[in-house]
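Asks: I'd like to ask some things about the structure below.
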Amino acid sequence: MYYFNALIIKYPTTNMKNIVLFFLAATGVLSLQAQPQKSLNAFSKISLAEKPFTLTGTFVGYNPAVDSFRFCEVIYNHLYKDDQQTHVGEIDKDGRFSITFPLNRPQEIMFSFMETMSSFYAIPGSSLDIQLDLAAIKAISKLPFPEQIKLRNPLTFTGTYAQLNKELNAFRPLQFATISYVEHYPLIDSLDQTAYKAYRLGVMQRQLDTLAAFNQRNNTSSEFRQYMIQHLRYHAAEDLLRYRWMHGRKTKQPKVQLTPEYLDFLDNMTVNNEEAVITENYGKFLNEYNNFYNAQKSSQTTFSLELFVAYLKQAGKPVTAKEEQLFKKPAAGQDQIQLIESFLEKYQAEQQEFSATLLFNQQIDSLASHIPPGIGRDIIYAQVINEYLNTSRIPLTNTAMDKLSGNITNANLRLQVIRDNERLRNVLAGKMTDATHVRTALQVSSDKFFDELVKPYKGKVVYIDFWAPWCGPCMSEMPESKVLQRELAGKDVVFLYIGLSCTKQSWENTIKDKGIEGEHYFANDNDGKLLSDKFNVSGIPHYVLVDKNGKVADDKAMRPSDKTRLLKKINSLLK
């Protein structure tokens, strides 16, 4: 059993003095020294209640006659949702913008514009104003990437937590100098467990040493110190667990069986750490930890035919008495076997839903046994529920949700999970609601943009595929999309392929070379940000179903490879 409590990691290449220094740096003692710490009171009360955060800013030197980008975008990782959240702001003629969006904890935010990424740190219920030196940004963007990361972002911060953002912006180049992300991922493939563990812990040690020296020189705020220590150590822990499935992924080797010696970095670690909620790496670690634990379990989900029949009857499916009798005794003759096969083919989509439900229930049942109550278990419960809602697209009943959410001790987190379930129910019922989402003025224009996009197809069901030529998963789904088109030939269904984050030439060439049939639209950078705002498209492929009236029927529709369930949904919209 492995718990995450304090970062005391056995590092084989250090002597005892370095181990002591490592522990002091990891716990923050080394960084305090004798200097008083400034406190911004940013992390004093983290309730996980959703509160609006407002980012305002100015692009200094912005000229709409020259600068073609009209929108900027914030992107961040949700505490328990696997997909990134995106919100967009429109830039006025003076280079000003404003974006308001909900946050349930202090966290890192990426800021995207003009194919450029920057970052800042946000506190729920507060605001931040930034000034961006556009000329300096354009000059930096022309440099090779290794040179770019050595420089501070040309940003000026104003607001209650401007100091924290200044410190993070100043430290970020020093942090990146300790690890080459270009080299890191190839090393996961090339190094064995012992070598990779030593390498990754060595990187973390260098980062913590750099942090301690930076704190000493600058007398940084206590919030900066707390955040950076948690951020660096959970990043390392997440990477060490990711090695299990990332090593050999290019050669499609099976997942690595991690040795006890490799895993001893978890010996003194607990998943319940209130102080770590302030970094996105904590949520990522929890997800990896839970996946790792479930992979170690010897028990497998068993598909029971009798339970499946009971599931169908509960769902109101017309199971006949003759069909039900098929499973009362073992299959004997060929006729009975064929009847069973026909029955299972008839309910193929329901089988997938039933199997997803079985797996979900198994994961939920195991949580209480291997993770003690606390914030970490609360977040993992929310992660498992969210994953089930996204993959199955089946809302939980009120009774089931009440029972499951009762295991989440944090009241605000519990409320958010219940709301997610209700939102899915509304989406699938054709009652899209924005009541649970803070909207900006831009949302109106993104709605109008989308309405114009699907207007020519009114009276038909539209299956939208957000894709790009460079996206491997997108391209691997294209043959499945062709199969789906053949299945729906002659019906009122339109396949609309929207190209994102690519050049128009590569988009056109790929459509021609791969023979992608259907309706096509090339989304430039401005179009892409509008569509991201509408559907929270933070990654591709992403699929959306639109009904005959032009209303969104499912904003996270199934992939073409999930053909049986997708056909069932499309056919229901055709009725």
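Every chain in the structure tokens takes a letter, A first, then B, and so on in the order presented; its residues are numbered from 1, and the ligands are numbered from 1 following the presented order.
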So which bits of region 86-260 of chain A end up strand (DSSP E) when you DSSP the backbone, as a PyMOL selection string?
Replies: chain A and resi 86-90+96-103+107-113+116-122+127-133+155-158
Asks: Output C-alpha atoms for every residue in that selection, as a compact mmCIF listing (two decimals), in the first residue's frame.
Replies:
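Writing done, so here's selection-v8.txt:
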```txt
# COMPACT_ATOMS: atom_id res chain seq x y z
CA THR A 86 -11.06 27.27 -22.36
CA HIS A 87 -12.50 30.79 -22.29
CA VAL A 88 -12.04 33.52 -24.87
CA GLY A 89 -11.89 37.31 -24.77
CA GLU A 90 -12.32 39.76 -27.65
CA ARG A 96 -7.90 45.89 -24.34
CA PHE A 97 -9.68 42.68 -23.38
CA SER A 98 -11.56 41.16 -20.44
CA ILE A 99 -12.30 37.51 -19.64
CA THR A 100 -14.33 36.28 -16.66
CA PHE A 101 -14.44 32.58 -15.87
CA PRO A 102 -15.12 30.30 -12.87
CA LEU A 103 -12.38 28.78 -10.70
CA GLN A 107 -4.14 27.62 -10.00
CA GLU A 108 -1.98 28.02 -13.08
CA ILE A 109 -3.57 29.50 -16.21
CA MET A 110 -2.18 29.46 -19.75
CA PHE A 111 -2.80 32.55 -21.85
CA SER A 112 -2.93 32.10 -25.64
CA PHE A 113 -2.88 34.68 -28.42
CA THR A 116 1.83 32.41 -28.61
CA MET A 117 1.52 31.02 -25.09
CA SER A 118 2.19 32.78 -21.79
CA SER A 119 1.04 32.04 -18.25
CA PHE A 120 -0.14 33.56 -14.98
CA TYR A 121 -1.58 32.45 -11.63
CA ALA A 122 -5.20 33.09 -10.66
CA SER A 127 -8.91 39.92 -10.56
CA LEU A 128 -5.64 40.55 -12.33
CA ASP A 129 -4.62 43.07 -14.95
CA ILE A 130 -1.74 42.40 -17.32
CA GLN A 131 0.08 44.51 -19.85
CA LEU A 132 1.78 42.70 -22.71
CA ASP A 133 4.60 44.30 -24.67
CA LEU A 155 4.36 41.02 -18.92
CA THR A 156 3.50 43.62 -16.29
CA PHE A 157 1.07 42.59 -13.53
CA THR A 158 -1.30 44.79 -11.52
```
Asks: Could you give me, as a list in words, the residues within 8 Å of Leu413 (chain A), counting only C-alpha atoms and dropping anything in the same chain fewer than 4 positions from it?
Replies: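 The neighbour list is Leu48, Ala49, Asp378, Ile379, Ala382, Ile408 and Val417 of chain A.
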Asks: Fewer than 6 positions away in the same chain doesn't count, so skip those; otherwise give me all residues within 10 Å of Phe449 (chain A), counting only C-alpha atoms, as a ChimeraX atom specification.
Replies: /A:443,527,530-531,534
Asks: Please list as an NGL selection string every residue within 8 Å of region 277-291 of chain A, counting only C-alpha atoms and excluding residues in the same chain fewer than 3 positions away.
Replies: :A and (43 or 77-80 or 105-108 or 227 or 230-231 or 234-235 or 237-238 or 241-242 or 271 or 273-274 or 294-295 or 376 or 379-380 or 383)
Asks: I'd like the neighbourhood of region 558-560 of chain A as a list in words, where a residue qualifies if any of its atoms comes within 6 Å (using only C-alpha atoms), though same-chain residues fewer than 5 positions away should be ignored.
Replies: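 Once the nearby chain positions are removed, what remains is Glu480, Ser481 and Leu566 of chain A.
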Asks: Write the residues of the preceding selection, restricted to N, CA and C atoms, as an mmCIF file, in the first residue's frame.
Replies:
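New file result-v4.cif:
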```cif
data_model
loop_
_atom_site.group_PDB
_atom_site.id
_atom_site.type_symbol
_atom_site.label_atom_id
_atom_site.label_comp_id
_atom_site.auth_asym_id
_atom_site.auth_seq_id
_atom_site.Cartn_x
_atom_site.Cartn_y
_atom_site.Cartn_z
ATOM 1 N N GLU A 480 -12.740 5.084 -39.869
ATOM 2 C CA GLU A 480 -13.974 4.731 -39.159
ATOM 3 C C GLU A 480 -15.103 5.681 -39.548
ATOM 4 N N SER A 481 -14.737 6.927 -39.803
ATOM 5 C CA SER A 481 -15.733 7.904 -40.219
ATOM 6 C C SER A 481 -16.325 7.529 -41.577
ATOM 7 N N LEU A 566 -22.776 5.345 -31.335
ATOM 8 C CA LEU A 566 -22.959 6.592 -32.082
ATOM 9 C C LEU A 566 -24.120 6.475 -33.064
#
```
Asks: Counting only C-alpha atoms, figure out which residue out of A:Glu487, A:Asp267, A:Asp554, A:Glu306 gets nearest to Ala429 (chain A).
Replies: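 Using only C-alpha atoms, Ala429 (chain A) sits closest to A:Asp554.
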Asks: In Å, rounded to a single decimal, give me how far CA of Ser561 (chain A) is from CA of Asn549 (chain A).
Replies: 25.9 Å
Asks: CA of Phe343 (chain A) to CA of Thr357 (chain A): how many Å, to one decimal?
Replies: 19.7 Å
Asks: Write out as JSON, numbers by chain which residues come within 8 Å of region 258-261 of chain A when counting only C-alpha atoms, dropping same-chain ones fewer than 2 positions away.
Replies: {"A": [193, 244, 256, 263, 264]}
Asks: Just to be explicit: take each residue in the selection above, keep all heavy atoms, and write the result as a PDB file, in the first residue's frame.
Replies:
```pdb
ATOM      1  N   GLN A 193      14.061   1.399 -15.663  1.00  0.00           N
ATOM      2  CA  GLN A 193      13.419   1.981 -14.486  1.00  0.00           C
ATOM      3  C   GLN A 193      14.411   2.680 -13.555  1.00  0.00           C
ATOM      4  O   GLN A 193      14.191   3.813 -13.118  1.00  0.00           O
ATOM      5  CB  GLN A 193      12.683   0.889 -13.704  1.00  0.00           C
ATOM      6  CG  GLN A 193      11.464   0.340 -14.409  1.00  0.00           C
ATOM      7  CD  GLN A 193      10.694  -0.628 -13.529  1.00  0.00           C
ATOM      8  OE1 GLN A 193      10.415  -0.344 -12.372  1.00  0.00           O
ATOM      9  NE2 GLN A 193      10.357  -1.784 -14.089  1.00  0.00           N
ATOM     10  N   ARG A 244       5.118   4.046 -16.253  1.00  0.00           N
ATOM     11  CA  ARG A 244       4.493   2.720 -16.371  1.00  0.00           C
ATOM     12  C   ARG A 244       3.888   2.500 -17.753  1.00  0.00           C
ATOM     13  O   ARG A 244       3.990   1.408 -18.316  1.00  0.00           O
ATOM     14  CB  ARG A 244       3.415   2.582 -15.285  1.00  0.00           C
ATOM     15  CG  ARG A 244       2.595   1.305 -15.331  1.00  0.00           C
ATOM     16  CD  ARG A 244       1.562   1.322 -14.218  1.00  0.00           C
ATOM     17  NE  ARG A 244       0.576   2.351 -14.414  1.00  0.00           N
ATOM     18  CZ  ARG A 244      -0.545   2.192 -15.110  1.00  0.00           C
ATOM     19  NH1 ARG A 244      -0.803   1.029 -15.689  1.00  0.00           N
ATOM     20  NH2 ARG A 244      -1.401   3.170 -15.240  1.00  0.00           N
ATOM     21  N   VAL A 256       4.721  -1.276 -18.369  1.00  0.00           N
ATOM     22  CA  VAL A 256       5.827  -1.755 -17.542  1.00  0.00           C
ATOM     23  C   VAL A 256       5.305  -2.173 -16.168  1.00  0.00           C
ATOM     24  O   VAL A 256       4.470  -1.487 -15.573  1.00  0.00           O
ATOM     25  CB  VAL A 256       6.889  -0.650 -17.380  1.00  0.00           C
ATOM     26  CG1 VAL A 256       8.010  -1.104 -16.458  1.00  0.00           C
ATOM     27  CG2 VAL A 256       7.437  -0.249 -18.738  1.00  0.00           C
ATOM     28  N   LEU A 263       9.227   1.871  -6.885  1.00  0.00           N
ATOM     29  CA  LEU A 263       8.068   2.485  -6.250  1.00  0.00           C
ATOM     30  C   LEU A 263       8.331   2.985  -4.842  1.00  0.00           C
ATOM     31  O   LEU A 263       7.429   3.564  -4.222  1.00  0.00           O
ATOM     32  CB  LEU A 263       6.906   1.486  -6.221  1.00  0.00           C
ATOM     33  CG  LEU A 263       6.265   1.173  -7.580  1.00  0.00           C
ATOM     34  CD1 LEU A 263       5.370  -0.039  -7.467  1.00  0.00           C
ATOM     35  CD2 LEU A 263       5.484   2.372  -8.091  1.00  0.00           C
ATOM     36  N   ASP A 264       9.542   2.799  -4.322  1.00  0.00           N
ATOM     37  CA  ASP A 264       9.752   3.210  -2.938  1.00  0.00           C
ATOM     38  C   ASP A 264       9.689   4.726  -2.760  1.00  0.00           C
ATOM     39  O   ASP A 264       9.646   5.214  -1.640  1.00  0.00           O
ATOM     40  CB  ASP A 264      11.057   2.631  -2.372  1.00  0.00           C
ATOM     41  CG  ASP A 264      12.319   3.222  -3.008  1.00  0.00           C
ATOM     42  OD1 ASP A 264      12.214   4.169  -3.807  1.00  0.00           O
ATOM     43  OD2 ASP A 264      13.418   2.710  -2.710  1.00  0.00           O
TER      44      ASP A 264
END
```
Asks: Pick out the closest residue to Leu389 (chain A) from this set: A:Asp555, A:Asp420, A:Glu452, A:Asp402. Count only C-alpha atoms.
Replies: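 Smallest distance to Leu389 (chain A) is found for A:Asp420.
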Asks: If we count only C-alpha atoms and set the cut-off at 12 Å, which residues sit around Lys514 (chain A), ignoring sequence neighbours fewer than 6 positions away in its own chain? Please answer as a list in words.
Replies: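 Counting only C-alpha atoms, the residues come to Pro469, Met475, Ser476, Glu477, Met478, Pro479, Ser481, Lys482, Ser506, Trp507 and Glu508 of chain A.
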Asks: Nearest to Ile375 (chain A): which of A:Arg419, A:Lys460, A:Arg414, A:Arg393 is it, counting only C-alpha atoms?
Replies: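 Closest to Ile375 (chain A), using only C-alpha atoms: A:Arg414.
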Asks: Do you have the CA of Val182 (chain A)-CA of Asn509 (chain A) distance handy?
Replies: 28.6 Å
Asks: Would you mind telling me which residue in A:Ser366, A:Gln296, A:Asn426, A:Ser180 lies nearest to Val552 (chain A) when using only C-alpha atoms?
Replies: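 Checking each candidate against Val552 (chain A), we get A:Asn426 as the closest.
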Asks: Calculated over only C-alpha atoms, which of the candidates A:Ala523, A:Leu55, A:Cys471, A:Val427 has the smallest distance to Leu453 (chain A)?
Replies: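 Going through A:Ala523, A:Leu55, A:Cys471, A:Val427 one by one, the smallest distance to Leu453 (chain A) is for A:Ala523.
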Asks: Please, which residues of region 62-239 of chain A, numbered as in this document, come out alpha helix (DSSP H) from DSSP, as a ChimeraX atom specification?
Replies: /A:134-141,145-148,162-176,181-190,193-218,222-239
Asks: Convert the current residue selection to file output with C-alpha atoms, as a PDB file, in the first residue's frame.
Replies:
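Result file follows (out.pdb):
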```
ATOM      1  CA  LEU A 134       3.565  43.163 -28.137  1.00  0.00           C
ATOM      2  CA  ALA A 135       6.778  44.238 -29.857  1.00  0.00           C
ATOM      3  CA  ALA A 136       8.890  42.286 -27.349  1.00  0.00           C
ATOM      4  CA  ILE A 137       6.619  39.251 -27.658  1.00  0.00           C
ATOM      5  CA  LYS A 138       6.942  39.252 -31.449  1.00  0.00           C
ATOM      6  CA  ALA A 139      10.724  39.499 -31.169  1.00  0.00           C
ATOM      7  CA  ILE A 140      10.905  36.596 -28.694  1.00  0.00           C
ATOM      8  CA  SER A 141       8.609  34.425 -30.842  1.00  0.00           C
ATOM      9  CA  PHE A 145      12.474  27.568 -28.601  1.00  0.00           C
ATOM     10  CA  PRO A 146      15.523  26.779 -26.396  1.00  0.00           C
ATOM     11  CA  GLU A 147      16.294  30.501 -26.400  1.00  0.00           C
ATOM     12  CA  GLN A 148      12.700  31.548 -25.735  1.00  0.00           C
ATOM     13  CA  ALA A 162       0.602  40.852  -8.824  1.00  0.00           C
ATOM     14  CA  GLN A 163       3.596  40.076  -6.567  1.00  0.00           C
ATOM     15  CA  LEU A 164       2.985  36.317  -6.753  1.00  0.00           C
ATOM     16  CA  ASN A 165       2.796  36.507 -10.544  1.00  0.00           C
ATOM     17  CA  LYS A 166       5.971  38.582 -10.744  1.00  0.00           C
ATOM     18  CA  GLU A 167       7.811  35.951  -8.709  1.00  0.00           C
ATOM     19  CA  LEU A 168       6.516  33.101 -10.838  1.00  0.00           C
ATOM     20  CA  ASN A 169       7.387  34.920 -14.048  1.00  0.00           C
ATOM     21  CA  ALA A 170      10.917  35.592 -12.782  1.00  0.00           C
ATOM     22  CA  PHE A 171      11.493  32.000 -11.633  1.00  0.00           C
ATOM     23  CA  ARG A 172      10.044  30.222 -14.659  1.00  0.00           C
ATOM     24  CA  PRO A 173      13.159  30.551 -16.897  1.00  0.00           C
ATOM     25  CA  LEU A 174      15.292  29.178 -14.031  1.00  0.00           C
ATOM     26  CA  GLN A 175      12.908  26.247 -13.635  1.00  0.00           C
ATOM     27  CA  PHE A 176      12.944  25.363 -17.331  1.00  0.00           C
ATOM     28  CA  TYR A 181      11.367  18.759 -22.227  1.00  0.00           C
ATOM     29  CA  VAL A 182      12.612  18.030 -25.739  1.00  0.00           C
ATOM     30  CA  GLU A 183      14.934  15.390 -24.252  1.00  0.00           C
ATOM     31  CA  HIS A 184      12.711  14.243 -21.405  1.00  0.00           C
ATOM     32  CA  TYR A 185      10.129  12.182 -23.239  1.00  0.00           C
ATOM     33  CA  PRO A 186      12.629  10.310 -25.452  1.00  0.00           C
ATOM     34  CA  LEU A 187      14.482   9.448 -22.232  1.00  0.00           C
ATOM     35  CA  ILE A 188      11.358   7.762 -20.884  1.00  0.00           C
ATOM     36  CA  ASP A 189      11.588   5.351 -23.813  1.00  0.00           C
ATOM     37  CA  SER A 190      15.333   4.813 -23.714  1.00  0.00           C
ATOM     38  CA  GLN A 193      13.419   1.981 -14.486  1.00  0.00           C
ATOM     39  CA  THR A 194      16.466   2.549 -12.308  1.00  0.00           C
ATOM     40  CA  ALA A 195      18.066   5.036 -14.693  1.00  0.00           C
ATOM     41  CA  TYR A 196      14.872   6.986 -15.331  1.00  0.00           C
ATOM     42  CA  LYS A 197      14.065   7.240 -11.635  1.00  0.00           C
ATOM     43  CA  ALA A 198      17.563   8.574 -10.868  1.00  0.00           C
ATOM     44  CA  TYR A 199      17.302  11.034 -13.762  1.00  0.00           C
ATOM     45  CA  ARG A 200      13.854  12.375 -12.816  1.00  0.00           C
ATOM     46  CA  LEU A 201      14.639  12.706  -9.122  1.00  0.00           C
ATOM     47  CA  GLY A 202      17.896  14.387 -10.040  1.00  0.00           C
ATOM     48  CA  VAL A 203      15.974  16.968 -12.089  1.00  0.00           C
ATOM     49  CA  MET A 204      13.652  17.637  -9.169  1.00  0.00           C
ATOM     50  CA  GLN A 205      16.594  18.016  -6.802  1.00  0.00           C
ATOM     51  CA  ARG A 206      18.197  20.606  -9.084  1.00  0.00           C
ATOM     52  CA  GLN A 207      14.899  22.483  -9.330  1.00  0.00           C
ATOM     53  CA  LEU A 208      14.492  22.538  -5.550  1.00  0.00           C
ATOM     54  CA  ASP A 209      18.067  23.725  -5.099  1.00  0.00           C
ATOM     55  CA  THR A 210      17.484  26.490  -7.664  1.00  0.00           C
ATOM     56  CA  LEU A 211      14.252  27.419  -5.874  1.00  0.00           C
ATOM     57  CA  ALA A 212      15.982  27.643  -2.474  1.00  0.00           C
ATOM     58  CA  ALA A 213      18.643  29.975  -3.875  1.00  0.00           C
ATOM     59  CA  PHE A 214      15.987  32.100  -5.639  1.00  0.00           C
ATOM     60  CA  ASN A 215      13.981  32.425  -2.402  1.00  0.00           C
ATOM     61  CA  GLN A 216      17.094  33.452  -0.498  1.00  0.00           C
ATOM     62  CA  ARG A 217      17.989  36.174  -2.987  1.00  0.00           C
ATOM     63  CA  ASN A 218      14.507  37.625  -3.422  1.00  0.00           C
ATOM     64  CA  SER A 222       5.147  32.435   1.386  1.00  0.00           C
ATOM     65  CA  GLU A 223       2.549  31.656  -1.301  1.00  0.00           C
ATOM     66  CA  PHE A 224       5.215  31.457  -3.986  1.00  0.00           C
ATOM     67  CA  ARG A 225       7.296  29.086  -1.858  1.00  0.00           C
ATOM     68  CA  GLN A 226       4.360  26.857  -0.981  1.00  0.00           C
ATOM     69  CA  TYR A 227       3.167  26.706  -4.569  1.00  0.00           C
ATOM     70  CA  MET A 228       6.552  25.982  -6.163  1.00  0.00           C
ATOM     71  CA  ILE A 229       7.492  23.213  -3.706  1.00  0.00           C
ATOM     72  CA  GLN A 230       4.173  21.425  -4.236  1.00  0.00           C
ATOM     73  CA  HIS A 231       4.311  22.049  -7.979  1.00  0.00           C
ATOM     74  CA  LEU A 232       7.804  20.601  -8.436  1.00  0.00           C
ATOM     75  CA  ARG A 233       7.436  17.528  -6.275  1.00  0.00           C
ATOM     76  CA  TYR A 234       4.035  16.490  -7.605  1.00  0.00           C
ATOM     77  CA  HIS A 235       5.290  16.976 -11.128  1.00  0.00           C
ATOM     78  CA  ALA A 236       8.103  14.527 -10.405  1.00  0.00           C
ATOM     79  CA  ALA A 237       5.753  12.035  -8.739  1.00  0.00           C
ATOM     80  CA  GLU A 238       3.346  12.199 -11.679  1.00  0.00           C
ATOM     81  CA  ASP A 239       6.163  11.613 -14.190  1.00  0.00           C
TER      82      ASP A 239
END
```
